[in-house]
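*Asks:* Handing you this structure, nothing more for now.
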Amino acid sequence: MNDFEWSLMKAKKKMQWKRDHVIIDKLKHAAIITAVGISAVLSLGAADGHDYRIVEEIYTVQQGDTLWSIGERFIQKNTYGRRYLPEYIEGIKQLNEELVESHGQVEPGQKLRVTYWVKSDE
């Protein structure tokens with residue numbers, strides 16, 4: 001094996017290592033989000049005796065919208081306890097993988113899944 005082949009092999013291994021670790025990091029993040037979500041679901045209704053359900057809407061991004069402004073609009077519909085906007089926006093990103101890849105940038109016409117909790121009787 002000459003020096004060029006050796007360097008090429010090392011570069012390929014390094015790229016594979018980086019890809020593997022990106023996947024591992026994404027899986028760790030998904031596991032944490034899942035654990036938090038399960039915890040939230042298991043505790044629903046326990047605090048005030050009400051049953052809650054999750055509502056999912058598809059929102060079409062309008063000119064001038066930002067992920068922050070969309071989060072502000074939909075967090076107001078949430079009737080299950082206090083939610084913090086940065087955490088809520090992170091949830092929207094997790095529902096829409098393209099937002100993770102675009103670092104939260106939205107484009108007019110883009111369709112986003114957005115969820116919030118409401119009392120079952122609403």
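Residue numbering restarts at 1 in every chain; chains get A, B, ... in the order shown in the structure tokens, and ligands count up from 1 in that same order.
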Got a sec: who's within 8 Å of range 112-117 of chain A, counting only C-alpha atoms, leaving out chain neighbours fewer than 2 positions off, as JSON, numbers by chain?
*Replies:* {"A": [52, 53, 54, 55, 56, 57, 58, 59, 60, 61, 74, 75, 77, 78, 79, 80, 92, 95, 96, 110, 119]}
*Asks:* If you run DSSP over the backbone, which residues in chain A end up helix (DSSP H, G or I)? Put them as a ChimeraX atom specification.
*Replies:* /A:3-43,67-75,85-95,97-101
*Asks:* Quick one: pull the distance between CA of Gln63 in chain A and CA of Glu107 in chain A, Å, one decimal.
*Replies:* 7.6 Å
*Asks:* Quick one: residues within 10 Å of Val106 in chain A, only C-alpha atoms counted, chain neighbours fewer than 5 positions away excluded, as a list of chain:residue names?
*Replies:*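 Near Val106 in chain A, the qualifying residues are A:Val61, A:Gln62, A:Gln63, A:Gly64, A:Asp65, A:Thr66, A:Leu67, A:Ile70, A:Glu98, A:Leu99, A:Lys111, A:Leu112.
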*Asks:* Quick one: pull the distance between CA of Ile89 in chain A and CA of Glu101 in chain A, Å, one decimal.
*Replies:*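 These atoms are spaced 14.4 Å apart.
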*Asks:* When DSSP works through the backbone of this structure, what residues of range 8-112 of chain A end up as strand (DSSP E), shown as a PyMOL selection string?
*Replies:* chain A and resi 52-60+111-112
*Asks:* Can you write just those residues out, C-alpha atoms, as a PDB file, in the first residue's frame?
*Replies:*
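Dumped to selection_31.pdb:
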ATOM      1  CA  TYR A  52     -55.788  16.239  28.346  1.00  0.00           C
ATOM      2  CA  ARG A  53     -55.283  15.360  24.721  1.00  0.00           C
ATOM      3  CA  ILE A  54     -52.739  16.438  22.185  1.00  0.00           C
ATOM      4  CA  VAL A  55     -53.890  18.382  19.147  1.00  0.00           C
ATOM      5  CA  GLU A  56     -51.851  18.408  15.954  1.00  0.00           C
ATOM      6  CA  GLU A  57     -52.251  21.085  13.308  1.00  0.00           C
ATOM      7  CA  ILE A  58     -50.548  21.593   9.976  1.00  0.00           C
ATOM      8  CA  TYR A  59     -49.539  25.232   9.651  1.00  0.00           C
ATOM      9  CA  THR A  60     -48.547  26.851   6.365  1.00  0.00           C
ATOM     10  CA  LYS A 111     -45.970  23.112   5.945  1.00  0.00           C
ATOM     11  CA  LEU A 112     -45.186  22.531   9.624  1.00  0.00           C
TER      12      LEU A 112
END
*Asks:* Rank A:Ile33, A:Met9, A:Met15, A:Val118 by their smallest atom-to-atom distance to Glu90 in chain A, using only C-alpha atoms, and report the top residue only.
*Replies:*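 The answer is A:Ile33, which sits nearest to Glu90 in chain A.
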*Asks:* Would you please work out which residue, of A:Gln105, A:Ser69, A:Gln94, A:Gln16, is nearest to Ala31 in chain A when using only C-alpha atoms?
*Replies:*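 Nearest to Ala31 in chain A: A:Gln94.
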*Asks:* In Å, rounded to a single decimal, give me how far CA of Gly109 in chain A is from CA of Lys93 in chain A.
*Replies:*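 Those two atoms sit 16.7 Å apart.
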